[in-house]
file coords-v1.cif (mmCIF, C-alpha atoms)
data_my_file
loop_
_atom_site.label_atom_id
_atom_site.label_comp_id
_atom_site.auth_asym_id
_atom_site.auth_seq_id
_atom_site.Cartn_x
_atom_site.Cartn_y
_atom_site.Cartn_z
CA MET A 608 94.76 -108.76 81.16
CA ASP A 609 96.43 -111.78 82.78
CA LYS A 610 94.98 -113.62 85.78
CA LYS A 611 97.11 -111.78 88.32
CA GLU A 612 95.93 -108.42 86.96
CA LYS A 613 92.34 -109.64 87.01
CA ILE A 614 92.75 -110.66 90.67
CA ILE A 615 94.22 -107.28 91.58
CA GLN A 616 91.41 -105.38 89.82
CA ALA A 617 88.76 -107.66 91.29
CA SER A 618 90.27 -107.17 94.75
CA ILE A 619 90.04 -103.41 94.41
CA GLU A 620 86.39 -103.65 93.35
CA ALA A 621 85.48 -106.13 96.09
CA PHE A 622 87.29 -104.16 98.80
CA LYS A 623 85.52 -100.96 97.69
CA GLU A 624 82.11 -102.65 97.74
CA LYS A 625 82.33 -104.70 100.93
CA GLY A 626 85.32 -103.33 102.79
CA ILE A 627 88.50 -105.24 103.48
CA GLU A 628 87.18 -107.09 106.53
CA LYS A 629 84.00 -108.43 104.90
CA THR A 630 85.51 -109.34 101.55
CA LYS A 631 86.14 -113.03 101.08
CA ILE A 632 88.52 -114.62 98.62
CA ALA A 633 85.46 -116.18 96.98
CA ASP A 634 84.16 -112.65 96.26
CA ILE A 635 87.44 -111.71 94.61
CA ALA A 636 87.60 -114.95 92.61
CA GLN A 637 84.05 -114.47 91.37
CA LYS A 638 84.74 -110.89 90.24
CA ALA A 639 87.97 -111.99 88.55
CA GLY A 640 86.20 -114.84 86.79
CA ILE A 641 88.58 -117.45 88.16
CA ALA A 642 88.26 -120.54 90.32
CA HIS A 643 88.57 -119.97 94.06
CA GLY A 644 91.76 -122.04 94.23
CA THR A 645 93.38 -120.09 91.40
CA PHE A 646 93.58 -117.07 93.69
CA TYR A 647 96.05 -118.95 95.89
CA LEU A 648 98.39 -119.56 92.97
CA TYR A 649 99.08 -115.82 92.99
CA PHE A 650 98.44 -114.66 96.56
CA PRO A 651 98.46 -116.54 99.89
CA SER A 652 95.74 -114.34 101.44
CA LYS A 653 93.43 -111.47 100.56
CA LEU A 654 95.69 -108.99 102.37
CA SER A 655 98.72 -110.17 100.40
CA VAL A 656 97.12 -108.47 97.37
CA MET A 657 97.72 -105.06 98.99
CA PRO A 658 101.36 -104.67 97.91
CA ALA A 659 100.34 -105.44 94.31
CA ILE A 660 97.63 -102.77 94.53
CA ALA A 661 100.20 -100.32 95.92
CA GLU A 662 102.56 -101.16 93.05
CA GLN A 663 99.80 -100.21 90.61
CA MET A 664 99.45 -96.86 92.36
CA VAL A 665 103.19 -96.25 92.04
CA VAL A 666 102.94 -97.01 88.32
CA GLN A 667 100.14 -94.44 88.03
CA PHE A 668 102.25 -91.83 89.86
CA MET A 669 105.22 -92.54 87.60
CA LYS A 670 103.18 -92.33 84.39
CA LYS A 671 101.64 -89.03 85.43
CA ILE A 672 104.99 -87.57 86.55
CA GLU A 673 106.83 -88.68 83.41
CA ALA A 674 104.10 -87.16 81.25
CA ALA A 675 103.92 -83.93 83.25
CA ILE A 676 107.48 -82.90 84.01
CA ALA A 677 109.41 -80.94 81.42
CA PRO A 678 113.09 -81.81 82.09
CA GLU A 679 114.39 -78.47 80.82
CA ALA A 680 111.83 -76.34 82.70
CA PRO A 681 112.83 -74.05 85.56
CA LEU A 682 112.76 -75.59 89.05
CA GLN A 683 109.57 -73.79 90.11
CA GLU A 684 107.74 -75.12 87.05
CA GLN A 685 109.03 -78.68 87.58
CA LEU A 686 107.95 -78.62 91.22
CA GLY A 687 104.51 -77.39 90.20
CA GLN A 688 104.25 -80.19 87.65
CA LEU A 689 105.36 -82.77 90.24
CA VAL A 690 102.86 -81.51 92.81
CA ASP A 691 100.05 -81.40 90.25
CA ALA A 692 100.82 -84.95 89.07
CA ILE A 693 100.76 -86.41 92.58
CA PHE A 694 97.64 -84.46 93.53
CA GLN A 695 95.86 -85.63 90.34
CA VAL A 696 96.64 -89.31 90.93
CA THR A 697 95.70 -89.06 94.61
CA ALA A 698 92.37 -87.47 93.67
CA GLU A 699 91.68 -89.93 90.87
CA TYR A 700 92.54 -93.00 92.94
CA ARG A 701 91.24 -91.73 96.27
CA ASP A 702 89.36 -94.94 97.09
CA VAL A 703 92.30 -97.12 96.15
CA SER A 704 94.64 -95.08 98.36
CA VAL A 705 92.35 -95.57 101.32
CA LEU A 706 92.31 -99.32 100.66
CA ILE A 707 96.09 -99.50 100.44
CA TYR A 708 96.62 -97.67 103.72
CA ALA A 709 94.00 -99.73 105.49
CA GLY A 710 95.31 -102.99 104.08
CA LEU A 711 99.04 -102.43 104.39
CA SER A 712 99.10 -100.71 107.74
CA THR A 713 97.37 -103.58 109.52
CA THR A 714 99.60 -106.35 108.18
CA GLU A 715 103.20 -107.44 107.90
CA HIS A 716 103.14 -106.08 104.34
CA ILE A 717 103.84 -102.54 105.57
CA SER A 718 107.52 -103.49 105.52
CA GLN A 719 107.30 -103.67 101.71
CA TRP A 720 106.31 -100.00 101.40
CA GLU A 721 109.80 -98.65 100.69
CA THR A 722 110.49 -101.41 98.17
CA ILE A 723 107.25 -100.67 96.35
CA TYR A 724 108.10 -96.97 96.18
CA THR A 725 111.72 -97.47 95.06
CA PRO A 726 111.04 -96.84 91.32
CA LEU A 727 109.13 -93.64 92.13
CA TYR A 728 111.91 -92.43 94.40
CA ALA A 729 114.46 -93.19 91.67
CA LEU A 730 112.45 -91.22 89.10
CA VAL A 731 112.26 -88.12 91.29
CA ALA A 732 115.90 -88.51 92.36
CA SER A 733 116.97 -88.51 88.70
CA MET A 734 115.00 -85.30 88.18
CA LEU A 735 116.73 -83.73 91.17
CA GLU A 736 120.14 -84.97 90.00
CA ALA A 737 119.57 -83.29 86.62
CA ASP A 738 118.48 -80.10 88.38
CA LYS A 739 121.60 -80.27 90.52
CA LYS A 740 123.76 -80.44 87.37
CA ARG A 741 121.85 -77.45 86.01
CA LYS A 742 122.58 -75.61 89.29
CA LEU A 743 118.85 -75.19 89.99
CA VAL A 744 119.08 -76.82 93.42
CA ARG A 745 121.69 -76.49 96.14
CA ASP A 746 124.89 -78.43 95.53
CA THR A 747 124.68 -80.09 98.96
CA LEU A 748 121.39 -81.76 98.05
CA ASN A 749 121.27 -85.55 98.35
CA PRO A 750 118.89 -86.39 95.47
CA ALA A 751 118.02 -89.90 96.71
CA LEU A 752 117.11 -88.74 100.21
CA ALA A 753 115.44 -85.56 99.00
CA ALA A 754 113.28 -87.58 96.58
CA LYS A 755 111.90 -89.68 99.44
CA LEU A 756 111.17 -86.58 101.48
CA LEU A 757 109.57 -84.75 98.55
CA ILE A 758 107.29 -87.66 97.68
CA GLY A 759 106.32 -88.12 101.32
CA LEU A 760 105.53 -84.45 101.81
CA ILE A 761 103.62 -84.01 98.55
CA GLU A 762 101.63 -87.20 99.08
CA SER A 763 100.78 -86.17 102.62
CA ALA A 764 99.57 -82.77 101.42
CA ALA A 765 97.46 -84.39 98.70
CA GLU A 766 95.97 -86.85 101.17
CA GLN A 767 95.02 -83.99 103.49
CA VAL A 768 93.10 -82.44 100.61
CA TYR A 769 91.43 -85.55 99.21
CA LEU A 770 91.30 -88.24 101.88
CA TYR A 771 90.91 -86.73 105.33
CA ALA A 772 88.41 -83.95 104.87
CA GLY A 773 85.68 -83.03 102.47
CA TYR A 774 87.15 -81.69 99.25
CA ASP A 775 87.41 -77.91 99.05
CA ALA A 776 88.93 -76.30 95.92
CA GLU A 777 90.08 -73.24 97.86
CA ASN A 778 91.85 -75.45 100.41
CA GLU A 779 93.48 -77.40 97.57
CA ALA A 780 94.84 -74.19 96.00
CA LYS A 781 96.17 -72.92 99.33
CA GLN A 782 97.74 -76.27 100.14
CA LYS A 783 99.50 -76.42 96.76
CA ALA A 784 100.73 -72.83 96.95
CA GLU A 785 102.19 -73.25 100.43
CA LEU A 786 103.70 -76.60 99.50
CA LEU A 787 105.38 -75.17 96.39
CA THR A 788 106.83 -72.26 98.35
CA LEU A 789 108.16 -74.63 101.00
CA LEU A 790 109.69 -77.01 98.44
CA GLU A 791 111.27 -74.26 96.39
CA HIS A 792 112.89 -72.68 99.45
CA ALA A 793 114.15 -76.05 100.66
CA LEU A 794 115.80 -76.92 97.35
CA ARG A 795 117.15 -73.64 96.02
CA PRO A 796 120.86 -72.83 96.23
#
call {"tool": "encode", "arguments": {"input": "coords-v1.cif", "output": "structure tokens"}}
result
Amino acid sequence: MDKKEKIIQASIEAFKEKGIEKTKIADIAQKAGIAHGTFYLYFPSKLSVMPAIAEQMVVQFMKKIEAAIAPEAPLQEQLGQLVDAIFQVTAEYRDVSVLIYAGLSTTEHISQWETIYTPLYALVASMLEADKKRKLVRDTLNPALAAKLLIGLIESAAEQVYLYAGYDAENEAKQKAELLTLLEHALRP
């Protein structure tokens, strides 16, 4: 793990332990095993680490989606795999998601959100483009725009299940079922 990665991981740990407000750069440097000044070679402030943390989340989403989605599967199955992948990552990285929202939403770094998500949008857009060629989705579908909307909707649904309220398996199942019905009806020819 290089120094930048160590700083990112140490930041996540420190933010989880102390909260964003109370964490000092010295805390992060200590956890990363680096000198205090080394932190500044990579990030100008503790909040400037947030986009890098968000990028790691996007990588996790992409890995899970790429592993889960069967390109030749029917649309309903692909949508289920996409929803499951995003729900799994959101559940697994619940604490990190909370940190990202808290850290990005209160700084100028929120403007980087779309840039950070660009590879994820492109991945889902390519899936939708392939489905369009297979005539599984409506021919008027704009894959790039639809990908952004799909990710936003699925992430929001997952966050409602894992971040905002106490976890309830029955609620999760209902949320997924309704979401899949909605997505399938929105995309079908």
call {"tool": "closest_atom_pairs", "arguments": {"input": "coords-v1.cif", "of": "segment 738-780 of chain A", "to": "segment 662-681 of chain A", "cutoff": "10 Å", "atoms": "only C-alpha atoms", "output": "JSON lines"}}
result
{"residue": "A:Asp738", "atom": "CA", "partner": "A:Pro678", "partner_atom": "CA", "distance": 8.5}
{"residue": "A:Arg741", "atom": "CA", "partner": "A:Glu679", "partner_atom": "CA", "distance": 9.1}
{"residue": "A:Leu743", "atom": "CA", "partner": "A:Pro681", "partner_atom": "CA", "distance": 7.6}
call {"tool": "write_last_selection", "arguments": {"input": "coords-v1.cif", "atoms": "C-alpha atoms", "output": "mmCIF file, in the coordinates of the input"}}
result
data_model
loop_
_atom_site.group_PDB
_atom_site.id
_atom_site.type_symbol
_atom_site.label_atom_id
_atom_site.label_comp_id
_atom_site.auth_asym_id
_atom_site.auth_seq_id
_atom_site.Cartn_x
_atom_site.Cartn_y
_atom_site.Cartn_z
ATOM 1 C CA ASP A 738 118.480 -80.100 88.380
ATOM 2 C CA ARG A 741 121.850 -77.450 86.010
ATOM 3 C CA LEU A 743 118.850 -75.190 89.990
#
call {"tool": "resolve_selection", "arguments": {"input": "coords-v1.cif", "expression": "the PyMOL selection byres ((chain A and resi 752) around 12)", "output": "list in words"}}
result
Thr725, Tyr728, Ala729, Val731, Ala732, Ser733, Leu735, Glu736, Thr747, Leu748, Asn749, Pro750, Ala751, Ala753, Ala754, Lys755, Leu756, Leu757, Ile758 and Gly759 of chain A
call {"tool": "atom_distance", "arguments": {"input": "coords-v1.cif", "atom1": "atom CA of Gln683 of chain A", "atom2": "atom CA of Lys781 of chain A"}}
result
16.3 Å
call {"tool": "atom_distance", "arguments": {"input": "coords-v1.cif", "atom1": "atom CA of Gln616 of chain A", "atom2": "atom CA of Ile635 of chain A"}}
result
8.9 Å
call {"tool": "resolve_selection", "arguments": {"input": "coords-v1.cif", "expression": "the PyMOL selection byres ((chain A and resi 689-704) around 7)", "output": "PyMOL selection string"}}
result
chain A and resi 619+667-668+671-672+675-676+685-688+705-708+761-762+765-766+769-770
call {"tool": "closest_residue", "arguments": {"input": "coords-v1.cif", "among": "A:Ile615, A:Ala621, A:Ile660, A:Ala776", "to": "Phe646 of chain A", "atoms": "all atoms listed in the file"}}
result
A:Ile615
call {"tool": "build_atoms", "arguments": {"input": "coords-v1.cif", "residues": "segment 699-710 of chain A", "atoms": "all heavy atoms", "output": "PDB file, keeping the file's coordinate frame"}}
result
ATOM      1  N   GLU A 699      92.297 -88.950  91.759  1.00  0.00           N
ATOM      2  CA  GLU A 699      91.680 -89.930  90.870  1.00  0.00           C
ATOM      3  C   GLU A 699      91.540 -91.304  91.522  1.00  0.00           C
ATOM      4  O   GLU A 699      90.564 -92.008  91.306  1.00  0.00           O
ATOM      5  CB  GLU A 699      92.515 -90.054  89.594  1.00  0.00           C
ATOM      6  CG  GLU A 699      91.904 -90.941  88.543  1.00  0.00           C
ATOM      7  CD  GLU A 699      92.727 -90.961  87.264  1.00  0.00           C
ATOM      8  OE1 GLU A 699      93.547 -90.058  87.043  1.00  0.00           O
ATOM      9  OE2 GLU A 699      92.526 -91.906  86.481  1.00  0.00           O
ATOM     10  N   TYR A 700      92.522 -91.672  92.324  1.00  0.00           N
ATOM     11  CA  TYR A 700      92.540 -93.000  92.940  1.00  0.00           C
ATOM     12  C   TYR A 700      92.316 -92.917  94.455  1.00  0.00           C
ATOM     13  O   TYR A 700      92.854 -93.705  95.207  1.00  0.00           O
ATOM     14  CB  TYR A 700      93.863 -93.713  92.626  1.00  0.00           C
ATOM     15  CG  TYR A 700      94.011 -94.026  91.167  1.00  0.00           C
ATOM     16  CD1 TYR A 700      94.686 -93.150  90.313  1.00  0.00           C
ATOM     17  CD2 TYR A 700      93.456 -95.182  90.625  1.00  0.00           C
ATOM     18  CE1 TYR A 700      94.814 -93.424  88.963  1.00  0.00           C
ATOM     19  CE2 TYR A 700      93.583 -95.472  89.269  1.00  0.00           C
ATOM     20  CZ  TYR A 700      94.259 -94.585  88.453  1.00  0.00           C
ATOM     21  OH  TYR A 700      94.379 -94.860  87.117  1.00  0.00           O
ATOM     22  N   ARG A 701      91.510 -91.968  94.853  1.00  0.00           N
ATOM     23  CA  ARG A 701      91.240 -91.730  96.270  1.00  0.00           C
ATOM     24  C   ARG A 701      90.821 -93.005  96.995  1.00  0.00           C
ATOM     25  O   ARG A 701      91.372 -93.358  98.029  1.00  0.00           O
ATOM     26  CB  ARG A 701      90.155 -90.665  96.392  1.00  0.00           C
ATOM     27  CG  ARG A 701      89.742 -90.344  97.786  1.00  0.00           C
ATOM     28  CD  ARG A 701      88.574 -89.337  97.791  1.00  0.00           C
ATOM     29  NE  ARG A 701      88.196 -89.037  99.143  1.00  0.00           N
ATOM     30  CZ  ARG A 701      87.380 -89.789  99.867  1.00  0.00           C
ATOM     31  NH1 ARG A 701      86.852 -90.860  99.364  1.00  0.00           N
ATOM     32  NH2 ARG A 701      87.094 -89.447 101.097  1.00  0.00           N
ATOM     33  N   ASP A 702      89.857 -93.716  96.450  1.00  0.00           N
ATOM     34  CA  ASP A 702      89.360 -94.940  97.090  1.00  0.00           C
ATOM     35  C   ASP A 702      90.425 -96.012  97.186  1.00  0.00           C
ATOM     36  O   ASP A 702      90.505 -96.726  98.180  1.00  0.00           O
ATOM     37  CB  ASP A 702      88.153 -95.496  96.321  1.00  0.00           C
ATOM     38  CG  ASP A 702      86.943 -94.588  96.392  1.00  0.00           C
ATOM     39  OD1 ASP A 702      86.893 -93.733  97.295  1.00  0.00           O
ATOM     40  OD2 ASP A 702      86.049 -94.730  95.546  1.00  0.00           O
ATOM     41  N   VAL A 703      91.244 -96.121  96.155  1.00  0.00           N
ATOM     42  CA  VAL A 703      92.300 -97.120  96.150  1.00  0.00           C
ATOM     43  C   VAL A 703      93.353 -96.774  97.218  1.00  0.00           C
ATOM     44  O   VAL A 703      93.846 -97.659  97.929  1.00  0.00           O
ATOM     45  CB  VAL A 703      92.943 -97.250  94.756  1.00  0.00           C
ATOM     46  CG1 VAL A 703      94.100 -98.238  94.764  1.00  0.00           C
ATOM     47  CG2 VAL A 703      91.893 -97.667  93.730  1.00  0.00           C
ATOM     48  N   SER A 704      93.670 -95.500  97.338  1.00  0.00           N
ATOM     49  CA  SER A 704      94.640 -95.080  98.360  1.00  0.00           C
ATOM     50  C   SER A 704      94.168 -95.453  99.757  1.00  0.00           C
ATOM     51  O   SER A 704      94.951 -95.945 100.571  1.00  0.00           O
ATOM     52  CB  SER A 704      94.859 -93.560  98.292  1.00  0.00           C
ATOM     53  OG  SER A 704      95.461 -93.202  97.084  1.00  0.00           O
ATOM     54  N   VAL A 705      92.909 -95.220 100.014  1.00  0.00           N
ATOM     55  CA  VAL A 705      92.350 -95.570 101.320  1.00  0.00           C
ATOM     56  C   VAL A 705      92.480 -97.070 101.562  1.00  0.00           C
ATOM     57  O   VAL A 705      92.873 -97.508 102.652  1.00  0.00           O
ATOM     58  CB  VAL A 705      90.878 -95.107 101.435  1.00  0.00           C
ATOM     59  CG1 VAL A 705      90.227 -95.660 102.684  1.00  0.00           C
ATOM     60  CG2 VAL A 705      90.796 -93.586 101.399  1.00  0.00           C
ATOM     61  N   LEU A 706      92.185 -97.861 100.534  1.00  0.00           N
ATOM     62  CA  LEU A 706      92.310 -99.320 100.660  1.00  0.00           C
ATOM     63  C   LEU A 706      93.751 -99.728 100.960  1.00  0.00           C
ATOM     64  O   LEU A 706      94.002-100.581 101.810  1.00  0.00           O
ATOM     65  CB  LEU A 706      91.875-100.005  99.368  1.00  0.00           C
ATOM     66  CG  LEU A 706      90.401-100.021  99.048  1.00  0.00           C
ATOM     67  CD1 LEU A 706      90.183-100.613  97.660  1.00  0.00           C
ATOM     68  CD2 LEU A 706      89.634-100.817 100.096  1.00  0.00           C
ATOM     69  N   ILE A 707      94.680 -99.137 100.257  1.00  0.00           N
ATOM     70  CA  ILE A 707      96.090 -99.500 100.440  1.00  0.00           C
ATOM     71  C   ILE A 707      96.521 -99.203 101.867  1.00  0.00           C
ATOM     72  O   ILE A 707      97.140-100.048 102.519  1.00  0.00           O
ATOM     73  CB  ILE A 707      96.977 -98.739  99.431  1.00  0.00           C
ATOM     74  CG1 ILE A 707      96.708 -99.242  98.019  1.00  0.00           C
ATOM     75  CG2 ILE A 707      98.449 -98.915  99.787  1.00  0.00           C
ATOM     76  CD1 ILE A 707      97.309 -98.380  96.935  1.00  0.00           C
ATOM     77  N   TYR A 708      96.209 -98.019 102.351  1.00  0.00           N
ATOM     78  CA  TYR A 708      96.620 -97.670 103.720  1.00  0.00           C
ATOM     79  C   TYR A 708      95.976 -98.589 104.736  1.00  0.00           C
ATOM     80  O   TYR A 708      96.621 -99.053 105.668  1.00  0.00           O
ATOM     81  CB  TYR A 708      96.307 -96.210 104.031  1.00  0.00           C
ATOM     82  CG  TYR A 708      97.158 -95.255 103.242  1.00  0.00           C
ATOM     83  CD1 TYR A 708      96.592 -94.236 102.512  1.00  0.00           C
ATOM     84  CD2 TYR A 708      98.543 -95.397 103.197  1.00  0.00           C
ATOM     85  CE1 TYR A 708      97.373 -93.376 101.762  1.00  0.00           C
ATOM     86  CE2 TYR A 708      99.324 -94.541 102.451  1.00  0.00           C
ATOM     87  CZ  TYR A 708      98.733 -93.531 101.743  1.00  0.00           C
ATOM     88  OH  TYR A 708      99.506 -92.687 100.998  1.00  0.00           O
ATOM     89  N   ALA A 709      94.706 -98.848 104.557  1.00  0.00           N
ATOM     90  CA  ALA A 709      94.000 -99.730 105.490  1.00  0.00           C
ATOM     91  C   ALA A 709      94.556-101.144 105.436  1.00  0.00           C
ATOM     92  O   ALA A 709      94.743-101.789 106.465  1.00  0.00           O
ATOM     93  CB  ALA A 709      92.509 -99.738 105.195  1.00  0.00           C
ATOM     94  N   GLY A 710      94.841-101.621 104.246  1.00  0.00           N
ATOM     95  CA  GLY A 710      95.310-102.990 104.080  1.00  0.00           C
ATOM     96  C   GLY A 710      96.757-103.207 104.439  1.00  0.00           C
ATOM     97  O   GLY A 710      97.118-104.221 105.030  1.00  0.00           O
TER      98      GLY A 710
END
